[in-house]
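Reviewing the structure listed below.
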Amino acid sequence: MIKLVINNLMPTQPHRFIFICQKEHSQKYGLQQKLKSWSANAEVIEINGLTEGAACTVLAAKNLINNQDALMIANSDQYVDINIDDYLDFMETGNLDGLIMTMTANDPKWSFVKVDENNLVREVVEKVVISDEATVGIYNFKHGSDFVAAAEAMIDSNLRVNNEFYVAPTYNQLINDKNHKVGIFNVGSEANGMYGLGIPDDLNLFLSLAICNEALGKVK
């Protein structure tokens with residue numbers, strides 16, 4: 001599953017994957033060797049135990065991402081039916097400071113974005129339906145340092161949801177504090193553009209669909 005996600009998100013432009021894993025899982029499943037064999041020049045960071053949320057987990061790689069390089073943050077449990085180069089080109093041609101991959105949904109289990117008349121993000125909210133644009137779990141920043149600064153500001157202000165620090169709300173810091181331009185890129189809907197892989201029911205559905213064979217055929 002992880003190899004499939006890596007292939008799905010691998011662009012043609014120069015890049016480096018940074019994997020953040022539970023140390024226990026890394027040692028049990030030999031993830032250091034596997035991940036580095038699946039992605040050249042990869043970095044694997046091992047952490048002990050759970051963090052206070054996904055934003056904190058990403059900050060475990062602060063020394064690698066707190067710079068002017070572009071940053072993509074992605075979960076390891078979804079497949080998106082797009083060419084990732086098209087997504088990255090959309091951010092570049094739009095001169096955006098951030099880009100959120102979205103899908104059409106209305107279930108409060110997701111995070112949601114509200115956009116203005118120019119389709120620029122005005123607000124990001126976790127687990128509250130404020131629009132029909134739900135986040136997929138793939139987030140881009142023009143500079144890694146923008147995410148680091150926003151995440152640390154969010155944490156310093158103790159802005160939690162369900163007692164956790166999420167990645168999506170960091171965009172609020174950029175929009176409100178620095179007037180950054182953040183856009184969206186809609187890939188469809190659940191099981192029709194975005195396919196969950198993280199729980200058995202979602203994975204079994206994906207395995208039953210023709211797109212699964214197409215996706216597996218692209219894995220190198």
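Please note that chains go A, B, ... in the order of the structure tokens, that every chain numbers its residues from 1, and that ligands are numbered from 1 in the order shown.
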
Asn176 of chain A: which residues within 9 Å, counting only C-alpha atoms, same-chain residues fewer than 5 positions away excluded, as a PDB file with N, CA and C atoms, in the first residue's frame?
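The resulting around-v8.pdb:
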```pdb
ATOM      1  N   ARG A 122     -10.267  31.012   2.083  1.00  0.00           N
ATOM      2  CA  ARG A 122     -10.444  32.038   3.108  1.00  0.00           C
ATOM      3  C   ARG A 122     -10.411  31.440   4.514  1.00  0.00           C
ATOM      4  N   GLU A 123     -10.742  30.147   4.619  1.00  0.00           N
ATOM      5  CA  GLU A 123     -10.778  29.514   5.939  1.00  0.00           C
ATOM      6  C   GLU A 123     -10.674  28.006   5.781  1.00  0.00           C
ATOM      7  N   TYR A 171      -2.951  26.625   7.385  1.00  0.00           N
ATOM      8  CA  TYR A 171      -3.186  27.589   6.305  1.00  0.00           C
ATOM      9  C   TYR A 171      -3.873  28.851   6.822  1.00  0.00           C
TER      10      TYR A 171
END
```

Item to check | 12 Å contact set for His180 of chain A, only C-alpha atoms, chain neighbours under 6 positions out, as a list of chain:residue names | outcome: A:Asn95, A:Leu96, A:Asp97, A:Gly98, A:Leu99, A:Leu120, A:Val121, A:Arg122, A:Phe141, A:Lys142, A:His143, A:Asp146, A:Phe147, A:Ala150, A:Thr170, A:Tyr171, A:Asn172, A:Gln173, A:Leu174

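Coordinates place atom CA of Cys56 of chain A at a distance of 13.9 Å from atom CA of Ala74 of chain A.
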
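Distance check against Arg16 of chain A using only C-alpha atoms: of A:Met72, A:Val128, A:Lys28, A:Lys34, the minimum falls on A:Met72.
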
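Minimum atom-to-atom distance to Pro14 of chain A, evaluated using only C-alpha atoms, belongs to A:Asn41 out of A:Ser145, A:Gln33, A:Asn41, A:Thr93.
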
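The list of residues with at least one atom within 10 Å of Gly137 of chain A, based on only C-alpha atoms and without residues fewer than 5 positions apart in the same chain, reads Ile73, Ala74, Asn75, Ser76, Asp77, Gln78, Ile100, Met101, Thr102, Trp110, Ser111, Val167 and Ala168 of chain A.
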
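Across the structure, atom CA of Phe19 of chain A and atom CA of Thr57 of chain A are spaced 10.4 Å apart.
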
Checklist entry - So, counting only C-alpha atoms, which residue among A:Ile2, A:Val219, A:Ala70, A:Asp132 is closest to Leu88 of chain A? => result A:Ala70

Item to check | All residues 7 Å or closer to Val125 of chain A, only C-alpha atoms, same chain fewer than 4 positions away omitted, as an MDAnalysis selection string | outcome: chainID A and resid 111:113 169

Restricted to N, CA and C atoms, what would the selected residues look like written as a PDB file, in the first residue's frame?
```
ATOM      1  N   SER A 111     -11.891  17.436   6.861  1.00  0.00           N
ATOM      2  CA  SER A 111     -11.640  18.860   7.053  1.00  0.00           C
ATOM      3  C   SER A 111     -12.212  19.583   5.836  1.00  0.00           C
ATOM      4  N   PHE A 112     -12.598  20.847   6.007  1.00  0.00           N
ATOM      5  CA  PHE A 112     -13.252  21.570   4.921  1.00  0.00           C
ATOM      6  C   PHE A 112     -12.642  22.951   4.726  1.00  0.00           C
ATOM      7  N   VAL A 113     -12.726  23.425   3.478  1.00  0.00           N
ATOM      8  CA  VAL A 113     -12.215  24.760   3.159  1.00  0.00           C
ATOM      9  C   VAL A 113     -13.340  25.627   2.607  1.00  0.00           C
ATOM     10  N   PRO A 169      -5.322  23.352   9.379  1.00  0.00           N
ATOM     11  CA  PRO A 169      -5.534  24.697   9.933  1.00  0.00           C
ATOM     12  C   PRO A 169      -4.305  25.600   9.892  1.00  0.00           C
TER      13      PRO A 169
END
```

Checklist entry - Between atom CA of Phe90 of chain A and atom CA of Phe185 of chain A, what is the distance, to one decimal in Å? => result 8.0 Å

Next on the checklist: Please extract the residues of segment 11-216 of chain A with a backbone DSSP assignment of alpha helix (DSSP H) and present them as a ChimeraX atom specification.
Outcome noted: /A:23-29,31-38,54-58,62-65,84-93,144-156,170-178,200-208,210-216

Fewer than 4 positions away in the same chain doesn't count, so skip those; otherwise give me all residues within 8 Å of Ile65 of chain A, counting only C-alpha atoms, as an mmCIF file with N, CA and C atoms, in the first residue's frame.
```cif
data_model
loop_
_atom_site.group_PDB
_atom_site.id
_atom_site.type_symbol
_atom_site.label_atom_id
_atom_site.label_comp_id
_atom_site.auth_asym_id
_atom_site.auth_seq_id
_atom_site.Cartn_x
_atom_site.Cartn_y
_atom_site.Cartn_z
ATOM 1 N N ALA A 61 10.461 16.618 11.236
ATOM 2 C CA ALA A 61 11.390 16.800 10.108
ATOM 3 C C ALA A 61 11.786 18.264 9.938
ATOM 4 N N ASP A 69 12.657 25.585 0.127
ATOM 5 C CA ASP A 69 12.207 24.559 -0.811
ATOM 6 C C ASP A 69 10.696 24.365 -0.716
ATOM 7 N N LEU A 71 7.243 22.310 -0.381
ATOM 8 C CA LEU A 71 6.917 21.204 0.526
ATOM 9 C C LEU A 71 5.544 20.637 0.204
ATOM 10 N N GLY A 144 8.857 25.365 2.601
ATOM 11 C CA GLY A 144 8.709 24.578 3.815
ATOM 12 C C GLY A 144 8.711 25.439 5.063
ATOM 13 N N SER A 145 9.475 26.519 5.033
ATOM 14 C CA SER A 145 9.555 27.404 6.198
ATOM 15 C C SER A 145 8.211 28.058 6.504
ATOM 16 N N VAL A 148 6.408 25.528 8.668
ATOM 17 C CA VAL A 148 7.015 25.458 10.000
ATOM 18 C C VAL A 148 6.579 26.646 10.849
#
```

Checklist entry - What's the 9 Å shell around Tyr195 of chain A, counting only C-alpha atoms, without same-chain residues fewer than 2 positions away, as a PyMOL selection string? => result chain A and resi 77-81+189-193+197+202-203+205-206

For the residues in that selection, give me N, CA and C atoms as a compact mmCIF listing (two decimals), in the first residue's frame.
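part.txt written:
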```txt
# COMPACT_ATOMS: atom_id res chain seq x y z
N ASP A 77 -2.28 7.01 3.33
CA ASP A 77 -3.43 6.09 3.25
C ASP A 77 -4.48 6.53 2.24
N GLN A 78 -4.04 7.13 1.14
CA GLN A 78 -5.01 7.46 0.09
C GLN A 78 -4.36 7.34 -1.28
N TYR A 79 -5.21 7.07 -2.28
CA TYR A 79 -4.79 7.07 -3.68
C TYR A 79 -5.65 8.10 -4.39
N VAL A 80 -5.01 8.96 -5.20
CA VAL A 80 -5.76 9.97 -5.95
C VAL A 80 -5.59 9.71 -7.44
N ASP A 81 -6.68 9.80 -8.16
CA ASP A 81 -6.69 9.47 -9.59
C ASP A 81 -6.33 10.71 -10.41
N SER A 189 -14.50 12.93 -5.87
CA SER A 189 -15.19 12.64 -4.62
C SER A 189 -14.66 11.31 -4.07
N GLU A 190 -15.14 10.95 -2.89
CA GLU A 190 -14.68 9.71 -2.27
C GLU A 190 -15.08 8.52 -3.13
N ALA A 191 -14.12 7.64 -3.41
CA ALA A 191 -14.31 6.46 -4.26
C ALA A 191 -14.59 6.83 -5.71
N ASN A 192 -14.33 8.08 -6.06
CA ASN A 192 -14.46 8.53 -7.45
C ASN A 192 -13.47 9.67 -7.68
N GLY A 193 -12.20 9.36 -7.54
CA GLY A 193 -11.15 10.36 -7.64
C GLY A 193 -10.20 10.29 -6.45
N LEU A 197 -7.35 4.14 1.74
CA LEU A 197 -6.67 2.85 1.86
C LEU A 197 -6.39 2.48 3.31
N ASP A 202 -12.45 0.54 3.28
CA ASP A 202 -12.01 1.39 2.17
C ASP A 202 -11.02 0.65 1.28
N LEU A 203 -10.09 -0.06 1.90
CA LEU A 203 -9.09 -0.80 1.13
C LEU A 203 -9.74 -1.89 0.29
N LEU A 205 -12.76 -1.95 -0.85
CA LEU A 205 -13.47 -1.32 -1.96
C LEU A 205 -12.50 -0.98 -3.08
N PHE A 206 -11.39 -0.38 -2.74
CA PHE A 206 -10.39 -0.01 -3.74
C PHE A 206 -9.90 -1.25 -4.49
```

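Excluding Ile82 of chain A and any residue on its chain fewer than 3 positions from it, the residues at most 9 Å away by only C-alpha atoms are Asn8, Asp85, Asp86, Tyr87, Val187 and Gly193 of chain A.
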
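Distance annotation: of A:Leu64, A:Ile130, A:Ala215, A:Val182, the residue with the minimal separation from Leu9 of chain A is A:Ala215; atom set is only C-alpha atoms.
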
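Using only C-alpha atoms for every distance, the candidate list A:Ser208, A:Asn66, A:Met91, A:Val136 yields A:Val136 as the residue closest to Gly196 of chain A.
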
Checklist outcome for this item: Using only C-alpha atoms, the residue out of A:Asn67, A:Ile138, A:Ile184, A:Arg160 with shortest distance to Asn118 of chain A is A:Ile184

Checklist entry - Which residues in segment 10-176 of chain A does DSSP call strand (DSSP E)? List them as a PyMOL selection string. => result chain A and resi 18-22+43-47+71-74+78-80+98-104+111-115+121-126+133-141
